[in-house]
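Undergrad: Got a structure for you, questions after.
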Amino acid sequence: MSHVPISFWREEFLYMLEYHIMNENEKKIVCLWKYDNEYALYNLPTYDKMKADQRGFMNPKSMKNYYSFYDQDIYVGFVNILEEDKEVFIGIGVNPNCCSKGYGQQMLEIAYAISKTIYPTKPLYLEVRDWNKRAIRCYEKAGFTKDGLPYQLETKIGSGIFYRMVRK
């Protein structure tokens, strides 16, 4: 596992998340994560279906873009750092048992550091559904700001109204 030069406070003690390129076992685990209520929209298909469709982290062309994050032995989530022509897209998935505990903000801070090391001149952006206030707060705490008005977007999991958020 790798460490980044960023430390975080949690429950009155200092700790550092560890990360590495996502492996096959972690992909299987992520496919089993189940979110409740409106967040169920983010539940993934089975590992076999993802593999057959070569979707997301199962796409051989993008496997090097996915990083898994751990707090000691707890798999807290992953990020996708995808270089585009003029900027870098960031995607994030947090273990449902770790939501609302500050891990998303920490993973995004580390993803920012990784991205700036690999793509130093390119700004980061992400897209978030306008109703997802929990994620928007997380992204703002990690230094992202809304870039314009919400817009309609078609995704593989359905259409919705999204904000584009950027971090320079």
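The way I read the labels, and the way they are meant: chains A, B, ... in the order of the structure tokens, residue 1 as the first residue of every chain, and ligand 1 as the first ligand shown, with later ones counted on from there.
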Which residues are near A:Met63? Cut-off 10 Å, only C-alpha atoms, ignore same chain within fewer than 4 positions. Put them as an MDAnalysis selection string.

TA: chainID A and resid 21:23 56:59 67 80

Undergrad: Hey, what's within 6 Å of A:Lys122 if we count only C-alpha atoms and toss same-chain stuff fewer than 2 positions away? As a PyMOL selection string, please?

TA: chain A and resi 87+119-120

Undergrad: Name the residues in contact with A:Ser100 at a cut-off of 9 Å, using only C-alpha atoms, excluding same-chain residues fewer than 2 positions from it; report them as JSON, numbers by chain.

TA: {"A": [97, 98, 102, 103, 104, 134, 135, 138]}

Undergrad: List the spatial neighbours of A:Lys61 as an MDAnalysis selection string - criterion: any atom at most 12 Å away, only C-alpha atoms, same-chain residues fewer than 6 positions off excluded.

TA: chainID A and resid 54:55 82

Undergrad: Could you give me the residues within stretch 42-74 of chain A that DSSP places in helix (DSSP H, G or I), as a PyMOL selection string?

TA: chain A and resi 42+47-53+56-58+63-65

Undergrad: Would you put the residues from that selection into a file with C-alpha atoms, as a PDB file, in the first residue's frame?

TA:
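Below you can see selection_35.pdb, which holds the result:
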ATOM      1  CA  TYR A  42     -25.662   3.837  -6.837  1.00  0.00           C
ATOM      2  CA  TYR A  47     -19.350  -8.517 -10.475  1.00  0.00           C
ATOM      3  CA  ASP A  48     -20.013 -10.941 -13.378  1.00  0.00           C
ATOM      4  CA  LYS A  49     -22.306  -8.433 -15.107  1.00  0.00           C
ATOM      5  CA  MET A  50     -19.792  -5.607 -14.629  1.00  0.00           C
ATOM      6  CA  LYS A  51     -17.054  -7.840 -16.027  1.00  0.00           C
ATOM      7  CA  ALA A  52     -19.142  -8.947 -19.011  1.00  0.00           C
ATOM      8  CA  ASP A  53     -20.061  -5.324 -19.823  1.00  0.00           C
ATOM      9  CA  GLY A  56     -16.366   1.195 -14.935  1.00  0.00           C
ATOM     10  CA  PHE A  57     -13.495  -0.370 -13.029  1.00  0.00           C
ATOM     11  CA  MET A  58     -13.963  -3.562 -15.088  1.00  0.00           C
ATOM     12  CA  MET A  63      -8.279  -0.173 -14.573  1.00  0.00           C
ATOM     13  CA  LYS A  64      -5.157   1.873 -13.752  1.00  0.00           C
ATOM     14  CA  ASN A  65      -7.377   4.873 -12.918  1.00  0.00           C
TER      15      ASN A  65
END

Undergrad: I want to know what sits within 9 Å of stretch 156-161 of chain A, based on only C-alpha atoms, with residues of the same chain fewer than 3 positions away left out; could you give that as a CSV table (one decimal) with all heavy atoms, in the first residue's frame?

TA:
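Writing done, so here's selection_7.csv:
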chain,number,residue,atom,x,y,z
A,41,LEU,N,-29.7,4.1,-5.9
A,41,LEU,CA,-29.4,4.3,-7.3
A,41,LEU,C,-28.0,4.0,-7.6
A,41,LEU,O,-27.6,3.7,-8.8
A,41,LEU,CB,-29.7,5.8,-7.6
A,41,LEU,CG,-29.3,6.5,-8.9
A,41,LEU,CD1,-30.2,6.0,-10.0
A,41,LEU,CD2,-29.4,8.0,-8.8
A,42,TYR,N,-27.1,4.1,-6.6
A,42,TYR,CA,-25.7,3.8,-6.8
A,42,TYR,C,-25.3,2.4,-6.6
A,42,TYR,O,-24.1,2.1,-6.8
A,42,TYR,CB,-24.8,4.7,-5.9
A,42,TYR,CG,-25.1,6.2,-6.2
A,42,TYR,CD1,-25.8,7.0,-5.2
A,42,TYR,CD2,-24.7,6.8,-7.4
A,42,TYR,CE1,-26.1,8.3,-5.5
A,42,TYR,CE2,-25.0,8.1,-7.6
A,42,TYR,CZ,-25.7,8.9,-6.7
A,42,TYR,OH,-25.9,10.2,-6.9
A,128,VAL,N,-22.3,15.7,-9.8
A,128,VAL,CA,-23.0,15.2,-8.7
A,128,VAL,C,-24.5,15.6,-8.9
A,128,VAL,O,-24.9,16.6,-9.4
A,128,VAL,CB,-22.5,15.8,-7.3
A,128,VAL,CG1,-22.6,17.3,-7.3
A,128,VAL,CG2,-23.3,15.2,-6.1
A,129,ARG,N,-25.4,14.6,-8.6
A,129,ARG,CA,-26.8,14.9,-8.7
A,129,ARG,C,-27.2,16.0,-7.7
A,129,ARG,O,-26.8,16.1,-6.6
A,129,ARG,CB,-27.6,13.6,-8.4
A,129,ARG,CG,-27.4,12.5,-9.4
A,129,ARG,CD,-28.1,11.2,-9.1
A,129,ARG,NE,-27.8,10.2,-10.1
A,129,ARG,CZ,-28.4,10.1,-11.3
A,129,ARG,NH1,-29.5,10.9,-11.6
A,129,ARG,NH2,-28.0,9.2,-12.2
A,130,ASP,N,-28.1,16.8,-8.2
A,130,ASP,CA,-28.5,18.0,-7.5
A,130,ASP,C,-29.1,17.7,-6.1
A,130,ASP,O,-29.0,18.5,-5.2
A,130,ASP,CB,-29.3,19.0,-8.3
A,130,ASP,CG,-30.7,18.4,-8.6
A,130,ASP,OD1,-30.9,17.2,-8.6
A,130,ASP,OD2,-31.6,19.2,-8.9
A,131,TRP,N,-29.8,16.6,-6.0
A,131,TRP,CA,-30.4,16.2,-4.7
A,131,TRP,C,-29.5,15.6,-3.7
A,131,TRP,O,-29.8,15.5,-2.5
A,131,TRP,CB,-31.6,15.2,-4.9
A,131,TRP,CG,-31.2,14.0,-5.6
A,131,TRP,CD1,-31.4,13.7,-7.0
A,131,TRP,CD2,-30.6,12.8,-5.0
A,131,TRP,NE1,-30.9,12.4,-7.2
A,131,TRP,CE2,-30.4,11.8,-6.1
A,131,TRP,CE3,-30.2,12.5,-3.7
A,131,TRP,CZ2,-29.8,10.6,-5.8
A,131,TRP,CZ3,-29.6,11.2,-3.5
A,131,TRP,CH2,-29.4,10.3,-4.5
A,150,PRO,N,-27.3,23.9,-12.5
A,150,PRO,CA,-27.5,22.5,-12.7
A,150,PRO,C,-27.9,22.2,-14.2
A,150,PRO,O,-28.5,23.1,-14.8
A,150,PRO,CB,-28.6,22.1,-11.7
A,150,PRO,CG,-29.1,23.4,-11.1
A,150,PRO,CD,-28.2,24.5,-11.5
A,151,TYR,N,-27.7,21.0,-14.6
A,151,TYR,CA,-28.0,20.6,-16.0
A,151,TYR,C,-28.5,19.2,-16.1
A,151,TYR,O,-28.1,18.4,-15.2
A,151,TYR,CB,-26.8,20.9,-16.9
A,151,TYR,CG,-25.5,20.2,-16.5
A,151,TYR,CD1,-25.2,18.9,-16.9
A,151,TYR,CD2,-24.7,20.8,-15.6
A,151,TYR,CE1,-24.1,18.2,-16.4
A,151,TYR,CE2,-23.5,20.2,-15.1
A,151,TYR,CZ,-23.2,18.9,-15.5
A,151,TYR,OH,-22.1,18.3,-15.1
A,152,GLN,N,-29.2,18.9,-17.1
A,152,GLN,CA,-29.7,17.5,-17.3
A,152,GLN,C,-28.5,16.7,-17.9
A,152,GLN,O,-27.8,17.1,-18.8
A,152,GLN,CB,-30.8,17.5,-18.3
A,152,GLN,CG,-31.5,16.2,-18.6
A,152,GLN,CD,-32.4,15.7,-17.5
A,152,GLN,OE1,-33.0,16.5,-16.8
A,152,GLN,NE2,-32.5,14.4,-17.3
A,153,LEU,N,-28.4,15.4,-17.4
A,153,LEU,CA,-27.4,14.5,-17.9
A,153,LEU,C,-27.9,13.1,-17.9
A,153,LEU,O,-28.5,12.7,-17.0
A,153,LEU,CB,-26.1,14.6,-17.0
A,153,LEU,CG,-24.9,13.8,-17.4
A,153,LEU,CD1,-24.3,14.3,-18.7
A,153,LEU,CD2,-23.9,13.9,-16.2

Undergrad: Measure the distance from atom CA of A:Pro123 to atom CA of A:Leu44 in Å and round it to one decimal.

TA: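 Taking atom CA of A:Pro123 and atom CA of A:Leu44, their separation equals 28.1 Å.
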
Undergrad: For A:Phe144, work out the shell of residues within 8 Å, counting only C-alpha atoms and skipping chain neighbours fewer than 3 positions away, then give it as a short mmCIF file (atom, residue, chain, number, x, y, z; two decimals) with C-alpha atoms, in the first residue's frame.

TA:
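Saved file around-v3.cif follows:
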data_model
loop_
_atom_site.label_atom_id
_atom_site.label_comp_id
_atom_site.auth_asym_id
_atom_site.auth_seq_id
_atom_site.Cartn_x
_atom_site.Cartn_y
_atom_site.Cartn_z
CA TYR A 125 -13.96 18.19 -11.92
CA TYR A 139 -17.08 17.83 -2.17
CA GLU A 140 -17.20 21.42 -0.93
CA LYS A 141 -15.21 20.44 2.19
CA MET A 165 -18.00 20.93 -9.45
CA VAL A 166 -14.37 21.93 -10.00
CA ARG A 167 -11.14 22.17 -8.06
#

Undergrad: Check the smallest atom-to-atom distance from each of A:Gly93, A:Lys27, A:Glu127, A:Asn132 to A:Tyr163 using only C-alpha atoms, then report the winner.

TA: A:Glu127

Undergrad: In Å to one decimal, how far is atom CA of A:Ile110 from atom CA of A:Ile81?

TA: 10.9 Å

Undergrad: Of the candidates A:Asp36, A:Asp147, A:Glu154, A:Asp71, which shows the shortest atom-to-atom distance to A:Met107, using only C-alpha atoms?

TA: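 Of all the options, A:Asp71 lies closest to A:Met107.
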
Undergrad: Extract the full set of strand (DSSP E or B) residues from chain A according to DSSP on the backbone, and format it as a PyMOL selection string.

TA: chain A and resi 2-3+8-10+13-15+18-21+66-71+74-83+88-94+124-129+145-146+151-155+158-167

Undergrad: Between A:Gly148, A:Tyr70, A:Trp33, A:Thr121, which is the closest to A:Glu18 once you count only C-alpha atoms?

TA: A:Tyr70
